[in-house]
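Undergrad: Okay, here's the structure, questions in a sec.
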Amino acid sequence: MKTDIQIAQEAVLQPITEVAKQLNIPEDELELYGKYKAKITDEYLKKIQNNPDGKLVLVTAINPTPAGEGKTTTSVGLGQAFGKLGKKAIIALREPSLGPCFGVKGGAAGGGYAQVVPMEDLNLHFTGDFHAITSANNLLAAMLDNHIQQGNELQIDTRQIVWKRCLDMNDRVLRNTVVGLGAKADGVVREDHFVITVASEVMAVLCLAMDMKDLKERLGKMVVAYNYQGKPVTAADLNAVGAMAALLKDALKPNLIQTLEHTPALIHGGPFANIAHGCNSVIATKTALKMADYVITEAGFGADLGAEKFFDIKCRSANLKPDAVVLVATVRALKYNGGVAKSDLGTENLDALKAGIGNLEKHIENLQKYQVPVVVTLNSFITDTEAETSYIKNFCEERGCEFAISEVWEKGGEGGIALAEKVLETLEKKESHFKPVYEDDLSLKEKINTVAKEIYGADGVNYTPAAESQLKKLEEHGFGKMPVCMAKTQYSLSDDPALLGKPSGFTIQVREAYVSAGAGFVVVLTGAVMTMPGLPKEPAAHRIDINEDGVITGLF
C-alpha cells in the first residue's frame, strides 16, 4: 500500500496558471511561488467583490481519536467529487503548522487519493505565511521590551505583560522563560512565555481581517500589557502597527494550489482549534465564495471546538451564513469511544459501537442547534462491516440527518460522489436558518456557561480565583460583548481527555482568561490545555528525511 507522500509525489500536477483558469483568474493576477503555488493579487480580490456568492459547506467531525477520522481527506475528496459531477467548486482550508508535522498529528494535506499538492511544500515552509506571522509577533515583543528599556514612557507594569513571543514548533521548554538576564543594556529581567505561532493573536487577526485596512485596525487594538494604573497598553500605543503590517503584506493574500485531481484549493491561515479559533482566513473563504458555486471549508478538530468557533466567532465576525454541514465519523472511532483498544478496532463489535455512538449523537444535536442542515458521512475502512455501517446509517436518519458513505481516501473524487450528491440534494431541499448559539449582549460568564452546557454537555463551570478576577477585569475594560474562544482538549467533549463518548455529570474547569482585542474575542483556558505543545517520546521528526536527489520521505 502506497503512503500518502508516495501518492502525492507520483501525481502529475498542472501548472498553477492552468488551475487558475478554472476560476477565470488571469495569469497576471497571480503572484507565482514556483510552478505549482501562487498568491492571488489584492487587485483581483477587489475586482470580484460584486460577484454573487456560492454555497458554503462546512466539514467538521466527531472528537478525534488515535484511529483517525479523515476530516481534511473528506473535505478534499468532496471538492474533487463536485468536480467529477461537473460542478464549479473550490476548497478553502487552513495551512498546516510545523509543530504537529514534526510531532504526533503529522501534516494537514488530506490523505490517500484525496490530497492537496504539492504536499511537501504545504506541510513545510509553503509560501512563508507562518514565518511572517511569527516575525510580526516577535517584532511587537521586541518593541515592547525596548520601550521598557528606553525609559518606559507608557508606565508599563512589567508584572502585567500579557504579550508572548511565539515559534511554529512544539517546544515545551519555552513555555516559561526568563528574559533580560545579563548586563543593564540587555534589558529588564522578567518572566516571559512562548506560544506556538498558530496560537498567536497575530494569526487570529490575519485570519479574521477583511483587508489591509481592517488588519491594521485589528493589530492596533491588540493588548500587550497593562500599565501601573491597570489600563490596557496596545500595539498602537507602541507605534508597532505599521511595521507589523509591512511584514504581513504578502501573508494577507490567499494561496492557490490544487488537489490530486486539479480542483482549485485556497489554503490560507492556520489557527489551531483546541487553543485558538480553528478556521482558515475570512479573506480566503469570502474570495472562494466569489469564484465558485460551491465552497467546501473545514474547521479544526471536532465540532465541539472547530465548528463551534466557526459559527460563533468566524461567521459572527464576517457575516457568513453556512448552507450545510458535513459531519465526519468512522466506525473505528466510534468503537474507540465505546471502549475498544486501538489494536482491536478492525473486529466487528456492535456493542462497542452502540456504547460509543453517543459521541456522534451529541455532535449531531449540537450542529442542529445552529439550524444548519447536517449530512453525516462515514469515512470508510476495509474493516467496516455491513452491520456496523447499517446501524450508523439508521441512527443518523432517525435524527433527521442525511447519510452517505465516503471512500475518497481509496478512490479520490469518484469515492466521494455519493456524499457530493447527498450534499447537493440537501442544499436544494433544506434551507439553512443559521444563528449563533449565544447573543453578543450576554456576559462573558453567561457565554462560557452556554458553550459548556449546550455544546459540551457539562453540568456547569468552575472558575479559579484568578479566572474570576480576569473575567471581571475584562468586562470592566469593555471587552464583555466579545464572543469567547474556548481552549479545551480536542479528545473529549469535556475538558478531561480521558472522558470519551458522550460524558455526563462533569463540570468545566476554567483556569485563565485573557482578551484578544484585535481578533475580537476573549480566550478562555480550560483544564490542562497548553498554548505551547511539546513533542512526544517518538516524534514524527524521527521518520522524516531527504535523499541526495532532494526527495523528502516520512511526511504524512
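Ordered as shown in the C-alpha cells, chains take letters A, B, and onward, while each chain numbers its residues from 1 and ligands are numbered from 1 in the order shown.
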Which residues come within 6 Å of segment 59-61 of chain A, counting only C-alpha atoms, excluding same-chain residues fewer than 6 positions away, as a ChimeraX atom specification?
TA: /A:298-299,302-303,325-328
Undergrad: Can you write out as a Markdown table which residues of segment 206-305 of chain A fall within 9 Å of segment 133-154 of chain A, alongside each residue's closest atom pair and its distance in Å to one decimal, counting only C-alpha atoms and ordering rows by chain and ascending residue number?
TA:
```
| residue | atom | partner | partner_atom | distance |
| --- | --- | --- | --- | --- |
| A:Leu206 | CA | A:Ile133 | CA | 8.4 |
| A:Val224 | CA | A:Leu144 | CA | 7.8 |
| A:Ala225 | CA | A:Leu144 | CA | 8.8 |
| A:Asn227 | CA | A:Leu154 | CA | 7.0 |
| A:Val233 | CA | A:Leu154 | CA | 7.8 |
| A:Ala235 | CA | A:Leu140 | CA | 7.1 |
| A:Asp237 | CA | A:Leu154 | CA | 8.0 |
| A:Leu238 | CA | A:Leu144 | CA | 6.9 |
| A:Asn239 | CA | A:Met143 | CA | 8.8 |
| A:Ala240 | CA | A:Leu140 | CA | 6.3 |
| A:Val241 | CA | A:Leu140 | CA | 8.5 |
| A:Ala243 | CA | A:Ala136 | CA | 7.9 |
| A:Met244 | CA | A:Ala136 | CA | 4.9 |
| A:Ala245 | CA | A:Ala136 | CA | 7.7 |
| A:Ala246 | CA | A:Ala136 | CA | 8.8 |
| A:Leu247 | CA | A:Ala136 | CA | 6.1 |
| A:Leu248 | CA | A:Ile133 | CA | 6.7 |
| A:Ala251 | CA | A:Ile133 | CA | 7.7 |
```
Undergrad: Which residues are near Leu208 of chain A? Cut-off 8 Å, only C-alpha atoms, ignore same chain within fewer than 5 positions. Put them as an NGL selection string.
TA: :A and (281-283 or 314 or 317-318 or 519)
Undergrad: Using only C-alpha atoms for the distances, tell me which of A:Lys87, A:Lys453, A:Lys473, A:Lys354 is nearest to Ser504 of chain A.
TA: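 Closest residue, counting only C-alpha atoms: A:Lys453.
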Undergrad: Using atom CA of Leu305 of chain A and atom CA of Glu398 of chain A as the two end points, give the distance in Å to one decimal.
TA: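 Those two atoms sit 24.9 Å apart.
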Undergrad: I need the helix (DSSP H, G or I) residues of segment 372-494 of chain A per DSSP on the backbone, written as JSON, numbers by chain.
TA: {"A": [386, 387, 388, 389, 390, 391, 392, 393, 394, 395, 396, 397, 398, 408, 409, 410, 411, 412, 413, 414, 415, 416, 417, 418, 419, 420, 421, 422, 423, 424, 425, 426, 427, 428, 429, 444, 445, 446, 447, 448, 449, 450, 451, 452, 453, 454, 455, 456, 465, 466, 467, 468, 469, 470, 471, 472, 473, 474, 475, 476]}
Undergrad: Please report as a tab-separated table every residue of segment 343-418 of chain A lying within 12 Å of segment 252-272 of chain A, along with the nearest atom pair and their distance in Å (one decimal), using only C-alpha atoms.
TA:
```
residue	atom	partner	partner_atom	distance
A:Val408	CA	A:Leu260	CA	11.6
A:Trp409	CA	A:Leu260	CA	11.5
A:Lys411	CA	A:Glu261	CA	11.2
A:Gly412	CA	A:Glu261	CA	8.0
A:Gly413	CA	A:Glu261	CA	7.7
A:Glu414	CA	A:Glu261	CA	10.4
```
Undergrad: Limited to N, CA and C atoms, could you put the picked residues into a file as a PDB file, in the first residue's frame?
TA:
```pdb
ATOM      1  N   VAL A 408     -13.225   8.363  -0.294  1.00  0.00           N
ATOM      2  CA  VAL A 408     -12.329   9.262  -1.025  1.00  0.00           C
ATOM      3  C   VAL A 408     -10.859   8.928  -0.796  1.00  0.00           C
ATOM      4  N   TRP A 409     -10.503   8.384   0.358  1.00  0.00           N
ATOM      5  CA  TRP A 409      -9.101   8.036   0.607  1.00  0.00           C
ATOM      6  C   TRP A 409      -8.626   7.017  -0.418  1.00  0.00           C
ATOM      7  N   LYS A 411     -10.420   6.109  -3.367  1.00  0.00           N
ATOM      8  CA  LYS A 411     -10.856   6.313  -4.752  1.00  0.00           C
ATOM      9  C   LYS A 411     -10.845   7.765  -5.209  1.00  0.00           C
ATOM     10  N   GLY A 412     -10.426   8.689  -4.356  1.00  0.00           N
ATOM     11  CA  GLY A 412     -10.424  10.094  -4.747  1.00  0.00           C
ATOM     12  C   GLY A 412     -11.832  10.624  -4.954  1.00  0.00           C
ATOM     13  N   GLY A 413     -11.993  11.506  -5.923  1.00  0.00           N
ATOM     14  CA  GLY A 413     -13.300  12.119  -6.169  1.00  0.00           C
ATOM     15  C   GLY A 413     -14.390  11.121  -6.473  1.00  0.00           C
ATOM     16  N   GLU A 414     -14.044  10.060  -7.183  1.00  0.00           N
ATOM     17  CA  GLU A 414     -15.026   9.019  -7.509  1.00  0.00           C
ATOM     18  C   GLU A 414     -15.637   8.437  -6.245  1.00  0.00           C
TER      19      GLU A 414
END
```
Undergrad: Compile the contact shell of Glu191 of chain A as a list in words: residues with an atom at most 7 Å away, counting only C-alpha atoms, same-chain residues fewer than 4 positions apart removed.
TA: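 Near Glu191 of chain A, the qualifying residues are Thr177, Val178 and Val179 of chain A.
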Undergrad: I want to know what sits within 8 Å of Gly106 of chain A, based on only C-alpha atoms, with residues of the same chain fewer than 4 positions away left out; could you give that as a PyMOL selection string?
TA: chain A and resi 100-102+540+555-556
Undergrad: Please determine, counting only C-alpha atoms, which residue among A:Glu365, A:Pro539, A:Ala498, A:Gly230 has the shortest atom-to-atom distance to His477 of chain A.
TA: A:Gly230
